[in-house]
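What follows is one structure encoded as structure tokens, with my remarks underneath.
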Amino acid sequence: MHPSISIVITVYNRSRYLGTAIESVLNQTRRDFELIIWDDASTDDSLDIAYQYAERDKRISVIAAEQNTGFPPAIKAAVAATTGDYIGWIDSDDVLAPTAIEETSLILNNYPQVGLVYTDYELMDSEGNLHGLGPRCQIPYSKEGLLVDLMTFHFRLIRRSVYDAVGGIDDSFASGEDYDLCLKLSEVTEVYHIAKPLYYYRRHSGNVTNDNLKNIYWAQKAINDALIRRGLDEDYELDTHLTAFFSIKPKLKKAGGIVQEGEGESHSDNQFQGNILNSAIPEPVKDEKKSPLVSIIIPCYNPGEMFERCLRSCFEQTYSNIEIIIVDNNSTDGAIAIARQMAATTSYRVIFTKCHAQGQNHAFNHGFTLATGDYIQWLDADDSLMSNKIALQVAALEQNPNFDIAYGDWEYCFYQSDVEKGENPQHIIPQKRCQHRFGFTSRQYDDYLLQTLSHNWQPPLSYLLRRASAAKLQELFAWNPQTFLATDREYYTIAAIIGLQFLYVPNAKVRYNFWSPTQNSRKVSYSWRTECYKKMYLRFQEIASFQPAERITKQHWFLLKQNWDLWKLAPVTLMQKTPDSFFLIDRYTQSGITINIAVARVISALHKINTVCTLEDHAHRIVHLMAQHIVLSHKIDSYDKIVEELSKWVGTEYSSNHDRLTWKQPQLDIKNASSNELRSNDKEQLQALINTIPWFAPIFERQRLAVFYTLDKLRNAGMLVQHTSVQSSLNLLAL
């Protein structure tokens with residue numbers, strides 16, 4: 001005989017959603033259970049709805065409380081009224097997937113050592129529309145990790161014997177009683193995670209979890225109680241930073257200007273990081289007599305000699321109130337030892353910490369738990385800040401309180417690298433000086449979300465964030481441990497989606513270095529890369545769906561839902577009808593469309609490129625190819641004129657307000673290239689400039705977007721094909 005199962009629904013004034021919740025339980029594939037509906041003295045029609053269902057189904061019992069007690073006492077009393085060997089509950093505004101009870105009960109049946117089984121969940125809005133997996137689903141379970149994050153979210157089925165063993169729900173909690181219960185259960189039984197969404201969690205304005213400050217207080221109590229029960233309170237303390245971003249950190253021991261975590265590195269693993277969903281983000285308390293503190297967070301994983309340049313750029317900042325947090329992410333090349341030697345020579349506070357979980361996102365998240373600054377500077381260990389970068393951006397943000405994130409200008413430096421022979425053949429040694437250097441001068445954008453979605457990219461170190469902004473992004477797992485590619489693109493796109501405001505600060509420069517062919521973003525397969533972008537943009541859509549409708553425009557949604565499949569030009573014939581009009585025919589279907597000369601040029605460029613890639617990458621490549629051709633075939637003597645002519649080619653309006661490019665190399669030095677004419681004999685060198693610029697460089701952003709729109713129209717018209725190697729026959733406008 002199967003163990004009996006009890007499901008509980010407590011309800012208070014949820015008549016709009018209660019029927020849906022009840023039906024989701026009644027429609028379970030496992031039919032033998034009891035359903036206890038506890039009405040906590042509702043003043044709407046909730047109790048009547050419960051009775052109506054009880055009259056139709058004998059598995060339902062309804063208990064009407066005489067007075068409203070709040071959720072913790074209500075759920076405790078409701079569970080006490082059950083008779084099942086296994087207990088689970090569903091909130092009265094949520095929905096249970098049809099197989100939830102069957103799948104969770106099978107785990108408890110087959111694994112007697114397991115006392116709690118939980119599932120993934122999907123987010124749902126007030127109208128029942130689904131918005132993808134909830135953020136807690138991305139957090140792997142561990143007993144230690146549970147100390148700072150309630151990843152054991154809905155749906156949960158609990159063995160009654162272990163529930164009783166820990167004393168059940170503590171109804172002295174005003175909220176967070178389930179967090180306290182899960183912490184206690186993790187200390188006496190094994191926990192099992194079903195990585196499948198079997199619960200639909202509804203977000204709406206009436207959620208109990210929207211009372212942020214109360215949630216933070218009771219979560220703190222649950223964690224502190226657990227630390228005491230586990231005997232960890234002597235060595236570890238709860239650290240909230242006043243942002244509801246919880247972490248368990250070793251008590252720091254200071255020696256000179258260097259701060260190190262205490263012994264017991266297992267407790268400094270990033271699995272201890274966490275947050276409370278929807279928690280409040282108050283501004284840090286500032287001492288008005290001092291300048292704001294800036295925390296520079298640097299993950300370190302085998303950066304080689306570039307790390308010395310990175311640290312030197314931090315130590316040489318003209319801004320004085322800085323702390324530097326170096327996160328050892330299992331580095332093996334001696335960089336940490338060098339960093340400790342360098343730290344002993346600076347007056348800045350330097351913190352060394354260890355993150356065992358491999359990956360930059362893990363390291364950034366871990367570093368943030370130790371940061372105490374009013375501003376956050378993310379910095380890769382192989383890049384560099386110019387000496388006044390932080391000073392300029394802090395001053396700009398202090399003077400412009402309506403902005404959240406500052407960004408500036410940057411250089412892209414290419415180093416010749418050699419592979420060291422001997423025991424470590426993968427040890428990359430960069431040259432002391434870069435071969436060539438591109439300078440990108442940005443501007444203030446009216447719509448920063450449009451820039452991030454269309455990949456007008458800035459390196460992550462070019463930004464400086466207010467602490468409150470960084471904390472909001474931590475709540476959304478913007479440094480997502482499940483993302484392994486273009487992590488900074490994900491981070492700052494999420495920042496733009498949620499409405500954070502970006503401020504351009506001229507001359508706040510950084511240096512982004514290319515020095516090793518083994519850098520992560522350059523050693524993955526293209527197909528894997530596109531799959532990463534598909535997942536990333538689905539996540540963007542989920543977050544955007546919860547934003548105010550007026551913030552996310554139709555143009556934003558077009559880019560949010562852009563196609564990430566791989567495309568190539570179909571077998572087509574291009575026929576000229578008039579000087580400015582062409583007819584494009586698919587040779588297989590004989591269908592055709594009329595196009596203008598700008599679209600014809602895009603078609604010609606696709607034929608020339610002859611490759612399979614995403615629409616976004618096609619747009620980059622096409623614009624790059626067109627720029628090369630313009631330099632070769634026109635009287636072009638400045639970068640600005642390239643942009644002007646390119647605008648005509650792709651059919652978009654020219655604006656002199658665009659990003660600027662400079663290039664530094666011994667044979668050519670273009671400074672303010674948009675305004676200064678080159679010498680007449682420098683046309684060949686301008687061509688060399690265009691040929692040397694990486695095709696993915698963040699220039700020609702308006703022109704790239706225009707080409708992208710054209711490509712999407714061609715895709716919808718059937719003039720692009722997917723994944724198939726085809727031949728295209730063109731003899732017009734050959735580039």
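To be explicit about the labels: the chains of the structure tokens are called A, B, and onward in the order shown, and within each one the residues are counted from 1, while ligands get numbers from 1 in the order they are shown.
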Which of range 270-373 of chain A DSSP labels strand (DSSP E), written as a list in words: Val294, Ser295, Ile296, Ile297, Ile298, Pro299, Cys300, Ile322, Glu323, Ile324, Ile325, Ile326, Val327, Asp328, Arg349, Val350, Ile351, Phe352, Thr353 and Lys354 of chain A
Write out, as JSON lines, each residue of range 342-374 of chain A that has an atom at most 12 Å from range 381-393 of chain A, together with the closest pair of atoms and their distance in Å to one decimal, counting only C-alpha atoms, rows going by chain and rising number.
```
{"residue": "A:Gln360", "atom": "CA", "partner": "A:Ala381", "partner_atom": "CA", "distance": 10.4}
{"residue": "A:Ala363", "atom": "CA", "partner": "A:Ala381", "partner_atom": "CA", "distance": 11.6}
{"residue": "A:Phe364", "atom": "CA", "partner": "A:Ala381", "partner_atom": "CA", "distance": 11.7}
```
message: Using only C-alpha atoms, which protein or nucleic acid residues come within 9 Å of Leu461 in chain A? Drop anything in the same chain fewer than 2 positions from it, and give the result as a PyMOL selection string.
response: chain A and resi 377-380+383-385+407+458-459+463-464+510-512
Could you write those residues out with N, CA, C and O atoms, as a tab-separated table (two decimals), in the first residue's frame?
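Written out: result38.tsv:
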```tsv
chain	number	residue	atom	x	y	z
A	377	GLN	N	33.40	48.35	-9.17
A	377	GLN	CA	34.15	48.28	-10.42
A	377	GLN	C	34.50	46.82	-10.70
A	377	GLN	O	35.29	46.21	-9.98
A	378	TRP	N	33.85	46.23	-11.73
A	378	TRP	CA	34.21	44.87	-12.15
A	378	TRP	C	35.44	44.97	-13.06
A	378	TRP	O	35.48	45.81	-13.96
A	379	LEU	N	36.41	44.09	-12.86
A	379	LEU	CA	37.65	44.19	-13.62
A	379	LEU	C	38.23	42.81	-13.88
A	379	LEU	O	38.49	42.05	-12.93
A	380	ASP	N	38.43	42.47	-15.15
A	380	ASP	CA	39.12	41.23	-15.49
A	380	ASP	C	40.61	41.37	-15.20
A	380	ASP	O	41.18	42.47	-15.34
A	383	ASP	N	43.00	43.05	-17.95
A	383	ASP	CA	42.69	44.36	-18.52
A	383	ASP	C	43.19	45.47	-17.60
A	383	ASP	O	43.64	45.20	-16.48
A	384	SER	N	43.07	46.73	-18.04
A	384	SER	CA	43.67	47.83	-17.29
A	384	SER	C	42.77	49.06	-17.29
A	384	SER	O	42.06	49.33	-18.27
A	385	LEU	N	42.85	49.83	-16.19
A	385	LEU	CA	42.16	51.10	-16.06
A	385	LEU	C	43.15	52.24	-16.28
A	385	LEU	O	44.27	52.18	-15.80
A	407	TYR	N	29.73	54.92	-17.93
A	407	TYR	CA	30.58	54.23	-18.90
A	407	TYR	C	31.44	55.28	-19.60
A	407	TYR	O	31.19	56.49	-19.47
A	458	GLN	N	30.41	47.47	-25.10
A	458	GLN	CA	31.44	48.11	-24.28
A	458	GLN	C	32.06	47.02	-23.40
A	458	GLN	O	31.35	46.16	-22.89
A	459	PRO	N	33.37	47.02	-23.17
A	459	PRO	CA	33.95	46.00	-22.28
A	459	PRO	C	33.48	46.24	-20.85
A	459	PRO	O	33.20	47.37	-20.45
A	463	TYR	N	32.65	50.25	-17.22
A	463	TYR	CA	31.52	50.70	-16.41
A	463	TYR	C	31.93	50.88	-14.94
A	463	TYR	O	32.85	50.24	-14.43
A	464	LEU	N	31.18	51.76	-14.26
A	464	LEU	CA	31.23	51.88	-12.79
A	464	LEU	C	29.80	51.93	-12.31
A	464	LEU	O	28.99	52.70	-12.83
A	510	VAL	N	39.61	52.94	-20.47
A	510	VAL	CA	40.13	51.64	-20.02
A	510	VAL	C	40.80	50.97	-21.22
A	510	VAL	O	40.64	51.40	-22.36
A	511	ARG	N	41.51	49.90	-20.93
A	511	ARG	CA	42.21	49.17	-21.97
A	511	ARG	C	41.79	47.71	-21.91
A	511	ARG	O	41.98	47.03	-20.90
A	512	TYR	N	41.20	47.24	-23.01
A	512	TYR	CA	40.75	45.85	-23.13
A	512	TYR	C	41.75	45.11	-24.00
A	512	TYR	O	42.03	45.52	-25.13
```
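Separating CA of Ile497 in chain A from CA of Gln562 in chain A is a distance of 15.7 Å.
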message: List the spatial neighbours of Asn330 in chain A as a PyMOL selection string - criterion: any atom at most 8 Å away, only C-alpha atoms, same-chain residues fewer than 5 positions off excluded.
response: chain A and resi 300-301+354-356+358
query: Taking only C-alpha atoms into account, which of A:Phe546, A:Glu102, A:His620, A:Tyr192 comes nearest Lys143 in chain A?
result: A:Tyr192
field: Contacts of Val602 in chain A at 10 Å (only C-alpha atoms; same-chain gap of 3+ positions) as a list in words
entry: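 So, after excluding close chain neighbours, the residues are Ile597, Ala598, Val599, Ala605, Leu606, His607, Lys608, His618, Ala619, Ile622, Val623, Met626, Trp649, Val650, Val707, Phe708, Thr710, Leu711, Leu714 and Leu733 of chain A.
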Taking C-alpha atoms for each residue, export the selection above as an mmCIF file, in the first residue's frame.
```
data_model
loop_
_atom_site.group_PDB
_atom_site.id
_atom_site.type_symbol
_atom_site.label_atom_id
_atom_site.label_comp_id
_atom_site.auth_asym_id
_atom_site.auth_seq_id
_atom_site.Cartn_x
_atom_site.Cartn_y
_atom_site.Cartn_z
ATOM 1 C CA ILE A 597 19.439 49.310 -54.248
ATOM 2 C CA ALA A 598 20.294 49.261 -50.514
ATOM 3 C CA VAL A 599 18.804 45.764 -50.142
ATOM 4 C CA ALA A 605 27.549 41.256 -49.712
ATOM 5 C CA LEU A 606 25.914 38.016 -48.551
ATOM 6 C CA HIS A 607 26.975 36.394 -51.793
ATOM 7 C CA LYS A 608 30.521 37.644 -51.317
ATOM 8 C CA HIS A 618 25.883 38.684 -40.890
ATOM 9 C CA ALA A 619 25.101 42.356 -40.219
ATOM 10 C CA ILE A 622 28.305 42.941 -44.234
ATOM 11 C CA VAL A 623 28.932 46.425 -42.859
ATOM 12 C CA MET A 626 30.983 47.466 -47.349
ATOM 13 C CA TRP A 649 24.733 52.286 -48.999
ATOM 14 C CA VAL A 650 22.466 50.704 -46.374
ATOM 15 C CA VAL A 707 21.325 45.861 -42.259
ATOM 16 C CA PHE A 708 19.955 43.615 -39.501
ATOM 17 C CA THR A 710 16.944 44.126 -43.926
ATOM 18 C CA LEU A 711 18.245 40.621 -43.230
ATOM 19 C CA LEU A 714 14.810 38.729 -46.351
ATOM 20 C CA LEU A 733 26.905 44.906 -57.619
#
```
